[in-house]
>>> print(open('run-v6.cif').read())   # mmCIF, N, CA, C and O atoms
data_input
loop_
_atom_site.label_atom_id
_atom_site.label_comp_id
_atom_site.auth_asym_id
_atom_site.auth_seq_id
_atom_site.Cartn_x
_atom_site.Cartn_y
_atom_site.Cartn_z
N MET A 2 -35.14 241.11 43.69
CA MET A 2 -33.82 241.43 43.99
C MET A 2 -33.63 241.80 45.46
O MET A 2 -32.58 241.52 46.01
N THR A 3 -34.57 242.37 45.96
CA THR A 3 -34.51 242.72 47.37
C THR A 3 -34.38 241.44 48.20
O THR A 3 -33.74 241.44 49.23
N MET A 4 -35.03 240.44 47.72
CA MET A 4 -34.97 239.18 48.45
C MET A 4 -33.55 238.61 48.38
O MET A 4 -33.05 238.11 49.36
N CYS A 5 -32.95 238.75 47.20
CA CYS A 5 -31.58 238.28 47.04
C CYS A 5 -30.63 239.10 47.91
O CYS A 5 -29.73 238.56 48.53
N THR A 6 -30.86 240.36 47.93
CA THR A 6 -30.01 241.24 48.73
C THR A 6 -30.19 240.93 50.21
O THR A 6 -29.22 240.86 50.96
N ALA A 7 -31.44 240.70 50.61
CA ALA A 7 -31.71 240.36 52.00
C ALA A 7 -31.07 239.03 52.36
O ALA A 7 -30.50 238.86 53.44
N LEU A 8 -31.18 238.07 51.43
CA LEU A 8 -30.58 236.76 51.67
C LEU A 8 -29.05 236.88 51.73
O LEU A 8 -28.40 236.27 52.58
N ALA A 9 -28.48 237.67 50.87
CA ALA A 9 -27.03 237.88 50.85
C ALA A 9 -26.59 238.55 52.15
O ALA A 9 -25.57 238.19 52.74
N ALA A 10 -27.37 239.52 52.60
CA ALA A 10 -27.03 240.20 53.84
C ALA A 10 -27.12 239.25 55.02
O ALA A 10 -26.28 239.27 55.93
N LEU A 11 -28.12 238.39 55.02
CA LEU A 11 -28.29 237.41 56.09
C LEU A 11 -27.12 236.43 56.12
O LEU A 11 -26.57 236.14 57.18
N LEU A 12 -26.73 235.95 54.96
CA LEU A 12 -25.61 235.00 54.90
C LEU A 12 -24.28 235.67 55.26
O LEU A 12 -23.44 235.07 55.92
N SER A 13 -24.11 236.89 54.85
CA SER A 13 -22.86 237.58 55.17
C SER A 13 -22.77 237.88 56.66
O SER A 13 -21.70 237.83 57.25
N CYS A 14 -23.88 238.17 57.28
CA CYS A 14 -23.88 238.41 58.73
C CYS A 14 -23.56 237.12 59.47
O CYS A 14 -22.81 237.13 60.45
N ALA A 15 -24.12 236.03 59.01
CA ALA A 15 -23.84 234.76 59.66
C ALA A 15 -22.37 234.43 59.52
O ALA A 15 -21.72 233.94 60.45
N GLY A 16 -21.80 234.71 58.36
CA GLY A 16 -20.38 234.48 58.15
C GLY A 16 -19.55 235.36 59.07
O GLY A 16 -18.54 234.96 59.61
N CYS A 17 -19.98 236.57 59.26
CA CYS A 17 -19.27 237.49 60.16
C CYS A 17 -19.33 236.98 61.59
O CYS A 17 -18.37 237.09 62.33
N ILE A 18 -20.47 236.44 61.97
CA ILE A 18 -20.61 235.91 63.34
C ILE A 18 -19.66 234.75 63.54
O ILE A 18 -18.95 234.66 64.53
N VAL A 19 -19.58 233.85 62.56
CA VAL A 19 -18.67 232.71 62.67
C VAL A 19 -17.23 233.20 62.68
O VAL A 19 -16.43 232.78 63.50
N THR A 20 -16.92 234.13 61.79
CA THR A 20 -15.56 234.66 61.73
C THR A 20 -15.22 235.38 63.03
O THR A 20 -14.12 235.22 63.57
N THR A 21 -16.15 236.15 63.54
CA THR A 21 -15.92 236.87 64.80
C THR A 21 -15.73 235.89 65.94
O THR A 21 -14.82 236.05 66.75
N SER A 22 -16.55 234.85 66.02
CA SER A 22 -16.40 233.91 67.12
C SER A 22 -15.10 233.13 66.98
O SER A 22 -14.43 232.84 67.98
N THR A 23 -14.69 232.81 65.75
CA THR A 23 -13.40 232.14 65.55
C THR A 23 -12.26 233.06 65.96
O THR A 23 -11.31 232.63 66.62
N TYR A 24 -12.37 234.33 65.59
CA TYR A 24 -11.36 235.31 65.97
C TYR A 24 -11.27 235.43 67.49
O TYR A 24 -10.17 235.42 68.06
N ASP A 25 -12.44 235.53 68.14
CA ASP A 25 -12.45 235.63 69.60
C ASP A 25 -11.82 234.40 70.25
O ASP A 25 -11.08 234.50 71.23
N ALA A 26 -12.09 233.22 69.68
CA ALA A 26 -11.50 231.99 70.22
C ALA A 26 -9.99 232.01 70.06
O ALA A 26 -9.25 231.63 70.97
N LYS A 27 -9.53 232.48 68.92
CA LYS A 27 -8.09 232.57 68.68
C LYS A 27 -7.43 233.60 69.61
O LYS A 27 -6.33 233.39 70.11
N VAL A 28 -8.13 234.70 69.84
CA VAL A 28 -7.62 235.72 70.77
C VAL A 28 -7.50 235.12 72.17
O VAL A 28 -6.49 235.30 72.86
N ARG A 29 -8.52 234.39 72.60
CA ARG A 29 -8.47 233.75 73.93
C ARG A 29 -7.34 232.73 73.98
O ARG A 29 -6.62 232.62 74.97
N GLU A 30 -7.15 232.01 72.89
CA GLU A 30 -6.08 231.02 72.83
C GLU A 30 -4.71 231.69 72.93
O GLU A 30 -3.82 231.24 73.66
N VAL A 31 -4.55 232.79 72.20
CA VAL A 31 -3.29 233.54 72.24
C VAL A 31 -3.04 234.08 73.65
O VAL A 31 -1.92 234.02 74.17
N GLU A 32 -4.08 234.62 74.28
CA GLU A 32 -3.94 235.14 75.65
C GLU A 32 -3.55 234.02 76.62
O GLU A 32 -2.69 234.21 77.48
N ALA A 33 -4.18 232.86 76.45
CA ALA A 33 -3.85 231.73 77.31
C ALA A 33 -2.40 231.29 77.09
O ALA A 33 -1.66 231.01 78.06
N LEU A 34 -1.99 231.25 75.84
CA LEU A 34 -0.60 230.89 75.53
C LEU A 34 0.37 231.93 76.06
O LEU A 34 1.45 231.59 76.58
N ARG A 35 0.00 233.22 75.95
CA ARG A 35 0.85 234.28 76.47
C ARG A 35 0.99 234.17 77.99
O ARG A 35 2.09 234.31 78.54
N ASP A 36 -0.13 233.89 78.66
CA ASP A 36 -0.08 233.70 80.11
C ASP A 36 0.78 232.48 80.48
O ASP A 36 1.56 232.54 81.43
N ALA A 37 0.61 231.40 79.73
CA ALA A 37 1.41 230.20 79.99
C ALA A 37 2.90 230.48 79.77
O ALA A 37 3.75 230.03 80.53
N TYR A 38 3.22 231.25 78.72
CA TYR A 38 4.60 231.61 78.42
C TYR A 38 5.19 232.47 79.55
O TYR A 38 6.31 232.24 79.99
N ALA A 39 4.42 233.42 80.01
CA ALA A 39 4.88 234.28 81.12
C ALA A 39 5.08 233.44 82.38
O ALA A 39 6.07 233.61 83.10
N SER A 40 4.17 232.54 82.64
CA SER A 40 4.30 231.65 83.80
C SER A 40 5.54 230.77 83.66
O SER A 40 6.28 230.56 84.63
N SER A 41 5.76 230.28 82.46
CA SER A 41 6.95 229.47 82.20
C SER A 41 8.22 230.28 82.43
O SER A 41 9.19 229.78 83.01
N ASN A 42 8.24 231.53 82.00
CA ASN A 42 9.40 232.39 82.22
C ASN A 42 9.63 232.64 83.71
O ASN A 42 10.77 232.65 84.17
N ARG A 43 8.54 232.87 84.45
CA ARG A 43 8.68 233.08 85.90
C ARG A 43 9.26 231.81 86.55
O ARG A 43 10.13 231.89 87.41
N GLU A 44 8.74 230.67 86.16
CA GLU A 44 9.22 229.39 86.71
C GLU A 44 10.69 229.17 86.34
O GLU A 44 11.48 228.71 87.17
N THR A 45 11.06 229.51 85.12
CA THR A 45 12.45 229.39 84.69
C THR A 45 13.35 230.28 85.54
O THR A 45 14.42 229.84 85.98
N SER A 46 12.92 231.50 85.78
CA SER A 46 13.71 232.42 86.61
C SER A 46 13.83 231.89 88.03
O SER A 46 14.91 231.94 88.64
N ARG A 47 12.73 231.37 88.58
CA ARG A 47 12.76 230.83 89.94
C ARG A 47 13.72 229.64 90.01
O ARG A 47 14.54 229.55 90.92
N LEU A 48 13.63 228.76 89.02
CA LEU A 48 14.50 227.59 89.01
C LEU A 48 15.96 227.97 88.81
O LEU A 48 16.85 227.35 89.38
N ALA A 49 16.21 229.00 88.00
CA ALA A 49 17.58 229.46 87.80
C ALA A 49 18.16 229.97 89.12
O ALA A 49 19.32 229.71 89.44
N GLY A 50 17.35 230.71 89.88
CA GLY A 50 17.79 231.17 91.19
C GLY A 50 18.06 230.01 92.13
O GLY A 50 19.04 230.01 92.88
N GLU A 51 17.20 229.01 92.07
CA GLU A 51 17.38 227.83 92.91
C GLU A 51 18.65 227.07 92.52
O GLU A 51 19.41 226.63 93.38
N VAL A 52 18.89 226.95 91.23
CA VAL A 52 20.10 226.28 90.75
C VAL A 52 21.34 227.04 91.21
O VAL A 52 22.32 226.44 91.65
N GLU A 53 21.29 228.35 91.13
CA GLU A 53 22.43 229.17 91.57
C GLU A 53 22.69 228.98 93.05
O GLU A 53 23.84 228.80 93.48
N ALA A 54 21.63 228.98 93.86
CA ALA A 54 21.78 228.79 95.30
C ALA A 54 22.34 227.40 95.60
O ALA A 54 23.24 227.24 96.45
N LEU A 55 21.84 226.40 94.90
CA LEU A 55 22.34 225.04 95.12
C LEU A 55 23.78 224.90 94.65
O LEU A 55 24.57 224.18 95.28
N SER A 56 24.15 225.58 93.59
CA SER A 56 25.53 225.55 93.11
C SER A 56 26.47 226.15 94.15
O SER A 56 27.56 225.62 94.39
N LYS A 57 26.04 227.25 94.75
CA LYS A 57 26.86 227.86 95.81
C LYS A 57 26.97 226.92 97.00
O LYS A 57 28.04 226.80 97.60
N LEU A 58 25.88 226.26 97.34
CA LEU A 58 25.90 225.30 98.45
C LEU A 58 26.86 224.15 98.15
O LEU A 58 27.66 223.75 99.01
N VAL A 59 26.81 223.64 96.93
CA VAL A 59 27.70 222.54 96.54
C VAL A 59 29.15 223.00 96.60
O VAL A 59 30.03 222.28 97.08
N ALA A 60 29.43 224.20 96.11
CA ALA A 60 30.79 224.73 96.14
C ALA A 60 31.28 224.86 97.59
O ALA A 60 32.42 224.51 97.89
N GLY A 61 30.41 225.33 98.46
CA GLY A 61 30.77 225.45 99.88
C GLY A 61 31.04 224.09 100.50
O GLY A 61 31.98 223.92 101.28
N GLN A 62 30.23 223.11 100.13
CA GLN A 62 30.43 221.77 100.67
C GLN A 62 31.70 221.14 100.12
O GLN A 62 32.39 220.42 100.83
N LYS A 63 32.04 221.42 98.86
CA LYS A 63 33.30 220.92 98.30
C LYS A 63 34.48 221.53 99.04
O LYS A 63 35.46 220.84 99.35
N ASP A 64 34.40 222.83 99.34
CA ASP A 64 35.47 223.48 100.10
C ASP A 64 35.59 222.86 101.49
O ASP A 64 36.70 222.59 101.97
N ALA A 65 34.45 222.63 102.14
CA ALA A 65 34.47 222.02 103.46
C ALA A 65 35.05 220.61 103.40
O ALA A 65 35.82 220.20 104.28
N LEU A 66 34.72 219.87 102.36
CA LEU A 66 35.24 218.52 102.19
C LEU A 66 36.75 218.56 101.99
O LEU A 66 37.48 217.74 102.57
N ARG A 67 37.24 219.50 101.18
CA ARG A 67 38.69 219.63 100.99
C ARG A 67 39.38 219.94 102.31
O ARG A 67 40.41 219.37 102.63
N GLU A 68 38.78 220.84 103.08
CA GLU A 68 39.37 221.21 104.37
C GLU A 68 39.39 220.01 105.32
O GLU A 68 40.39 219.74 105.97
N LEU A 69 38.27 219.28 105.37
CA LEU A 69 38.21 218.11 106.23
C LEU A 69 39.18 217.02 105.77
O LEU A 69 39.81 216.35 106.60
N SER A 70 39.32 216.86 104.47
CA SER A 70 40.27 215.87 103.94
C SER A 70 41.69 216.26 104.33
O SER A 70 42.50 215.41 104.71
N SER A 71 41.98 217.53 104.22
CA SER A 71 43.30 218.01 104.60
C SER A 71 43.56 217.77 106.08
O SER A 71 44.64 217.31 106.47
N ARG A 72 42.56 218.06 106.90
CA ARG A 72 42.71 217.82 108.34
C ARG A 72 42.86 216.34 108.64
O ARG A 72 43.65 215.95 109.51
N ALA A 73 42.13 215.50 107.93
CA ALA A 73 42.22 214.05 108.13
C ALA A 73 43.61 213.55 107.76
O ALA A 73 44.20 212.72 108.46
N GLU A 74 44.16 214.06 106.63
CA GLU A 74 45.51 213.68 106.23
C GLU A 74 46.53 214.11 107.28
O GLU A 74 47.47 213.37 107.59
N ALA A 75 46.35 215.31 107.83
CA ALA A 75 47.26 215.79 108.86
C ALA A 75 47.16 214.91 110.10
O ALA A 75 48.18 214.57 110.72
N CYS A 76 45.94 214.51 110.46
CA CYS A 76 45.76 213.63 111.62
C CYS A 76 46.40 212.26 111.36
O CYS A 76 47.04 211.69 112.26
N GLU A 77 46.23 211.74 110.15
CA GLU A 77 46.83 210.45 109.82
C GLU A 77 48.35 210.54 109.86
O GLU A 77 49.02 209.63 110.36
N ALA A 78 48.90 211.64 109.37
CA ALA A 78 50.35 211.82 109.40
C ALA A 78 50.83 211.92 110.85
O ALA A 78 51.86 211.33 111.22
N GLY A 79 50.09 212.63 111.68
CA GLY A 79 50.44 212.74 113.10
C GLY A 79 50.37 211.40 113.80
O GLY A 79 51.24 211.05 114.61
N LEU A 80 49.35 210.62 113.48
CA LEU A 80 49.20 209.30 114.08
C LEU A 80 50.34 208.39 113.64
O LEU A 80 50.90 207.66 114.47
N ALA A 81 50.71 208.43 112.38
CA ALA A 81 51.82 207.62 111.88
C ALA A 81 53.12 208.02 112.58
O ALA A 81 53.91 207.16 112.98
N ARG A 82 53.33 209.34 112.74
CA ARG A 82 54.53 209.82 113.43
C ARG A 82 54.54 209.34 114.89
O ARG A 82 55.56 208.87 115.39
N GLU A 83 53.38 209.43 115.56
CA GLU A 83 53.30 208.97 116.95
C GLU A 83 53.55 207.47 117.06
O GLU A 83 54.20 207.01 118.00
N LYS A 84 53.07 206.70 116.09
CA LYS A 84 53.32 205.25 116.10
C LYS A 84 54.80 204.96 115.94
O LYS A 84 55.35 204.09 116.61
N ARG A 85 55.46 205.69 115.02
CA ARG A 85 56.91 205.51 114.84
C ARG A 85 57.66 205.87 116.11
O ARG A 85 58.56 205.15 116.54
N GLU A 86 57.28 207.00 116.72
CA GLU A 86 57.94 207.41 117.96
C GLU A 86 57.71 206.40 119.06
O GLU A 86 58.63 206.09 119.83
N SER A 87 56.52 205.87 119.14
CA SER A 87 56.21 204.85 120.15
C SER A 87 57.03 203.59 119.91
O SER A 87 57.57 203.00 120.85
N ALA A 88 57.13 203.18 118.64
CA ALA A 88 57.94 202.00 118.32
C ALA A 88 59.40 202.25 118.65
O ALA A 88 60.09 201.36 119.19
N ASP A 89 59.89 203.47 118.38
CA ASP A 89 61.27 203.81 118.73
C ASP A 89 61.48 203.75 120.24
O ASP A 89 62.49 203.22 120.72
N ARG A 90 60.54 204.30 121.00
CA ARG A 90 60.65 204.25 122.47
C ARG A 90 60.61 202.82 122.98
O ARG A 90 61.34 202.46 123.91
N ASP A 91 59.74 202.00 122.36
CA ASP A 91 59.67 200.59 122.77
C ASP A 91 60.99 199.88 122.51
O ASP A 91 61.46 199.10 123.34
N ARG A 92 61.63 200.15 121.35
CA ARG A 92 62.94 199.55 121.05
C ARG A 92 64.00 200.02 122.04
O ARG A 92 64.79 199.24 122.54
N GLU A 93 64.00 201.33 122.31
CA GLU A 93 64.97 201.88 123.26
C GLU A 93 64.78 201.26 124.65
O GLU A 93 65.76 200.92 125.32
N LEU A 94 63.52 201.11 125.05
CA LEU A 94 63.22 200.50 126.35
C LEU A 94 63.68 199.05 126.38
O LEU A 94 64.29 198.61 127.36
N ALA A 95 63.45 198.33 125.30
CA ALA A 95 63.88 196.93 125.23
C ALA A 95 65.41 196.85 125.28
O ALA A 95 65.97 195.98 125.97
N GLU A 96 66.09 197.76 124.57
CA GLU A 96 67.55 197.78 124.61
C GLU A 96 68.06 198.08 126.01
O GLU A 96 69.01 197.45 126.50
N LEU A 97 67.42 199.05 126.68
CA LEU A 97 67.84 199.39 128.04
C LEU A 97 67.63 198.21 128.99
O LEU A 97 68.46 197.93 129.85
N ARG A 98 66.51 197.52 128.83
CA ARG A 98 66.24 196.35 129.67
C ARG A 98 67.27 195.25 129.42
O ARG A 98 67.74 194.61 130.35
N ASN A 99 67.61 195.04 128.12
CA ASN A 99 68.63 194.03 127.79
C ASN A 99 69.99 194.41 128.38
O ASN A 99 70.69 193.56 128.93
N LYS A 100 70.36 195.69 128.30
CA LYS A 100 71.63 196.14 128.87
C LYS A 100 71.63 195.96 130.37
O LYS A 100 72.61 195.52 130.96
N ARG A 101 70.50 196.31 131.00
CA ARG A 101 70.42 196.17 132.45
C ARG A 101 70.49 194.70 132.85
O ARG A 101 71.18 194.33 133.81
N LYS A 102 69.78 193.86 132.11
CA LYS A 102 69.79 192.43 132.40
C LYS A 102 71.20 191.87 132.22
O LYS A 102 71.69 191.10 133.06
N THR A 103 71.89 192.27 131.15
CA THR A 103 73.26 191.83 130.90
C THR A 103 74.17 192.33 132.01
O THR A 103 75.03 191.60 132.52
N LYS A 104 73.99 193.57 132.44
CA LYS A 104 74.80 194.16 133.50
C LYS A 104 74.56 193.44 134.82
O LYS A 104 75.50 193.13 135.56
N ASP A 105 73.27 193.15 135.11
CA ASP A 105 72.94 192.43 136.34
C ASP A 105 73.51 191.03 136.33
O ASP A 105 74.01 190.54 137.35
N GLU A 106 73.46 190.39 135.16
CA GLU A 106 73.99 189.03 135.05
C GLU A 106 75.50 189.04 135.20
O GLU A 106 76.08 188.17 135.87
N SER A 107 76.18 190.00 134.59
CA SER A 107 77.64 190.05 134.72
C SER A 107 78.05 190.44 136.13
O SER A 107 79.07 189.99 136.64
N ALA A 108 77.25 191.22 136.79
CA ALA A 108 77.56 191.59 138.19
C ALA A 108 77.30 190.41 139.10
O ALA A 108 78.01 190.21 140.08
N ALA A 109 76.36 189.57 138.78
CA ALA A 109 76.03 188.42 139.61
C ALA A 109 77.04 187.29 139.41
O ALA A 109 77.30 186.52 140.31
N GLN A 110 77.67 187.16 138.27
CA GLN A 110 78.62 186.08 137.98
C GLN A 110 79.88 186.18 138.83
O GLN A 110 80.30 185.20 139.41
N PRO A 111 80.53 187.30 138.94
CA PRO A 111 81.74 187.34 139.77
C PRO A 111 81.40 187.11 141.24
O PRO A 111 82.19 186.52 141.98
N ALA A 112 80.24 187.49 141.68
CA ALA A 112 79.89 187.29 143.08
C ALA A 112 79.66 185.81 143.33
O ALA A 112 79.89 185.31 144.42
N ALA A 113 79.17 185.09 142.33
CA ALA A 113 78.90 183.66 142.51
C ALA A 113 80.19 182.86 142.45
O ALA A 113 80.26 181.80 143.00
N GLU A 114 81.22 183.33 141.83
CA GLU A 114 82.47 182.57 141.71
C GLU A 114 83.22 182.76 142.92
O GLU A 114 83.69 182.35 143.76
#
>>> encode(input="run-v6.cif", output="structure tokens")
Amino acid sequence: MTMCTALAALLSCAGCIVTTSTYDAKVREVEALRDAYASSNRETSRLAGEVEALSKLVAGQKDALRELSSRAEACEAGLAREKRESADRDRELAELRNKRKTKDESAAQPAAE
């Protein structure tokens, strides 16, 4: 019986060693997963900060684009107004030249007769 008890003790110790080593492996696996999870959370926080900064940058650029578009529209309106004024001045100048030419011609006709 002692032999059976010794054999049983030997087998139970071997089982404990396997169980202990499996437990240790699982503990290491859990620690590795916990570290990976913490690293993932840090990366998520970093990326969230980066997204927030980029969102602010995009919003600022949209505001700048709106301002530039508004200024461009104002410049286009000013250019259109200047073109109309220039065309009006050109018409007035042409009318004045026609009146002067007509006046010169009518002044020259009585002198020629």
>>> axis_aligned_box(input="run-v6.cif", around="region 65-83 of chain A", padding_each_side="5 Å", output="AutoDock Vina command-line options")
--center_x 45.0 --center_y 214.8 --center_z 109.5 --size_x 31.1 --size_y 25.6 --size_z 27.0
>>> atom_distance(input="run-v6.cif", atom1="CA of Gly61 (chain A)", atom2="CA of Ala78 (chain A)")
25.7 Å
>>> atom_distance(input="run-v6.cif", atom1="atom O of Ser22 (chain A)", atom2="atom O of Tyr38 (chain A)")
24.0 Å
>>> atom_distance(input="run-v6.cif", atom1="CA of Glu44 (chain A)", atom2="CA of Glu30 (chain A)")
20.7 Å
>>> build_atoms(input="run-v6.cif", residues="region 73-83 of chain A", atoms="all heavy atoms", output="PDB file, keeping the file's coordinate frame")
ATOM      1  N   ALA A  73      42.130 215.500 107.930  1.00  0.00           N
ATOM      2  CA  ALA A  73      42.220 214.050 108.130  1.00  0.00           C
ATOM      3  C   ALA A  73      43.610 213.550 107.760  1.00  0.00           C
ATOM      4  O   ALA A  73      44.200 212.720 108.460  1.00  0.00           O
ATOM      5  CB  ALA A  73      41.154 213.320 107.318  1.00  0.00           C
ATOM      6  N   GLU A  74      44.160 214.060 106.630  1.00  0.00           N
ATOM      7  CA  GLU A  74      45.510 213.680 106.230  1.00  0.00           C
ATOM      8  C   GLU A  74      46.530 214.110 107.280  1.00  0.00           C
ATOM      9  O   GLU A  74      47.470 213.370 107.590  1.00  0.00           O
ATOM     10  CB  GLU A  74      45.843 214.289 104.872  1.00  0.00           C
ATOM     11  CG  GLU A  74      45.105 213.659 103.719  1.00  0.00           C
ATOM     12  CD  GLU A  74      45.326 214.384 102.403  1.00  0.00           C
ATOM     13  OE1 GLU A  74      46.112 215.364 102.364  1.00  0.00           O
ATOM     14  OE2 GLU A  74      44.702 213.975 101.411  1.00  0.00           O
ATOM     15  N   ALA A  75      46.350 215.310 107.830  1.00  0.00           N
ATOM     16  CA  ALA A  75      47.260 215.790 108.860  1.00  0.00           C
ATOM     17  C   ALA A  75      47.160 214.910 110.100  1.00  0.00           C
ATOM     18  O   ALA A  75      48.180 214.570 110.720  1.00  0.00           O
ATOM     19  CB  ALA A  75      46.946 217.244 109.213  1.00  0.00           C
ATOM     20  N   CYS A  76      45.940 214.510 110.460  1.00  0.00           N
ATOM     21  CA  CYS A  76      45.760 213.630 111.620  1.00  0.00           C
ATOM     22  C   CYS A  76      46.400 212.260 111.360  1.00  0.00           C
ATOM     23  O   CYS A  76      47.040 211.690 112.260  1.00  0.00           O
ATOM     24  CB  CYS A  76      44.276 213.467 111.938  1.00  0.00           C
ATOM     25  SG  CYS A  76      43.523 214.921 112.673  1.00  0.00           S
ATOM     26  N   GLU A  77      46.230 211.740 110.150  1.00  0.00           N
ATOM     27  CA  GLU A  77      46.830 210.450 109.820  1.00  0.00           C
ATOM     28  C   GLU A  77      48.350 210.540 109.860  1.00  0.00           C
ATOM     29  O   GLU A  77      49.020 209.630 110.360  1.00  0.00           O
ATOM     30  CB  GLU A  77      46.366 209.990 108.432  1.00  0.00           C
ATOM     31  CG  GLU A  77      44.929 209.546 108.402  1.00  0.00           C
ATOM     32  CD  GLU A  77      44.428 209.234 106.997  1.00  0.00           C
ATOM     33  OE1 GLU A  77      45.211 209.350 106.026  1.00  0.00           O
ATOM     34  OE2 GLU A  77      43.244 208.864 106.871  1.00  0.00           O
ATOM     35  N   ALA A  78      48.900 211.640 109.370  1.00  0.00           N
ATOM     36  CA  ALA A  78      50.350 211.820 109.400  1.00  0.00           C
ATOM     37  C   ALA A  78      50.830 211.920 110.850  1.00  0.00           C
ATOM     38  O   ALA A  78      51.860 211.330 111.220  1.00  0.00           O
ATOM     39  CB  ALA A  78      50.748 213.077 108.627  1.00  0.00           C
ATOM     40  N   GLY A  79      50.090 212.630 111.680  1.00  0.00           N
ATOM     41  CA  GLY A  79      50.440 212.740 113.100  1.00  0.00           C
ATOM     42  C   GLY A  79      50.370 211.400 113.800  1.00  0.00           C
ATOM     43  O   GLY A  79      51.240 211.050 114.610  1.00  0.00           O
ATOM     44  N   LEU A  80      49.350 210.620 113.480  1.00  0.00           N
ATOM     45  CA  LEU A  80      49.200 209.300 114.080  1.00  0.00           C
ATOM     46  C   LEU A  80      50.340 208.390 113.640  1.00  0.00           C
ATOM     47  O   LEU A  80      50.900 207.660 114.470  1.00  0.00           O
ATOM     48  CB  LEU A  80      47.848 208.691 113.674  1.00  0.00           C
ATOM     49  CG  LEU A  80      47.532 207.312 114.228  1.00  0.00           C
ATOM     50  CD1 LEU A  80      47.489 207.343 115.759  1.00  0.00           C
ATOM     51  CD2 LEU A  80      46.209 206.807 113.678  1.00  0.00           C
ATOM     52  N   ALA A  81      50.710 208.430 112.380  1.00  0.00           N
ATOM     53  CA  ALA A  81      51.820 207.620 111.880  1.00  0.00           C
ATOM     54  C   ALA A  81      53.120 208.020 112.580  1.00  0.00           C
ATOM     55  O   ALA A  81      53.910 207.160 112.980  1.00  0.00           O
ATOM     56  CB  ALA A  81      51.959 207.772 110.370  1.00  0.00           C
ATOM     57  N   ARG A  82      53.330 209.340 112.740  1.00  0.00           N
ATOM     58  CA  ARG A  82      54.530 209.820 113.430  1.00  0.00           C
ATOM     59  C   ARG A  82      54.540 209.340 114.890  1.00  0.00           C
ATOM     60  O   ARG A  82      55.560 208.870 115.390  1.00  0.00           O
ATOM     61  CB  ARG A  82      54.575 211.360 113.384  1.00  0.00           C
ATOM     62  CG  ARG A  82      55.853 211.945 113.959  1.00  0.00           C
ATOM     63  CD  ARG A  82      55.836 213.463 114.001  1.00  0.00           C
ATOM     64  NE  ARG A  82      54.877 213.922 114.996  1.00  0.00           N
ATOM     65  CZ  ARG A  82      53.736 214.554 114.744  1.00  0.00           C
ATOM     66  NH1 ARG A  82      53.383 214.819 113.515  1.00  0.00           N
ATOM     67  NH2 ARG A  82      52.923 214.934 115.710  1.00  0.00           N
ATOM     68  N   GLU A  83      53.380 209.430 115.560  1.00  0.00           N
ATOM     69  CA  GLU A  83      53.300 208.970 116.950  1.00  0.00           C
ATOM     70  C   GLU A  83      53.550 207.470 117.060  1.00  0.00           C
ATOM     71  O   GLU A  83      54.200 207.010 118.000  1.00  0.00           O
ATOM     72  CB  GLU A  83      51.940 209.326 117.539  1.00  0.00           C
ATOM     73  CG  GLU A  83      51.766 210.806 117.809  1.00  0.00           C
ATOM     74  CD  GLU A  83      50.365 211.165 118.299  1.00  0.00           C
ATOM     75  OE1 GLU A  83      49.563 210.238 118.560  1.00  0.00           O
ATOM     76  OE2 GLU A  83      50.079 212.360 118.419  1.00  0.00           O
TER      77      GLU A  83
END
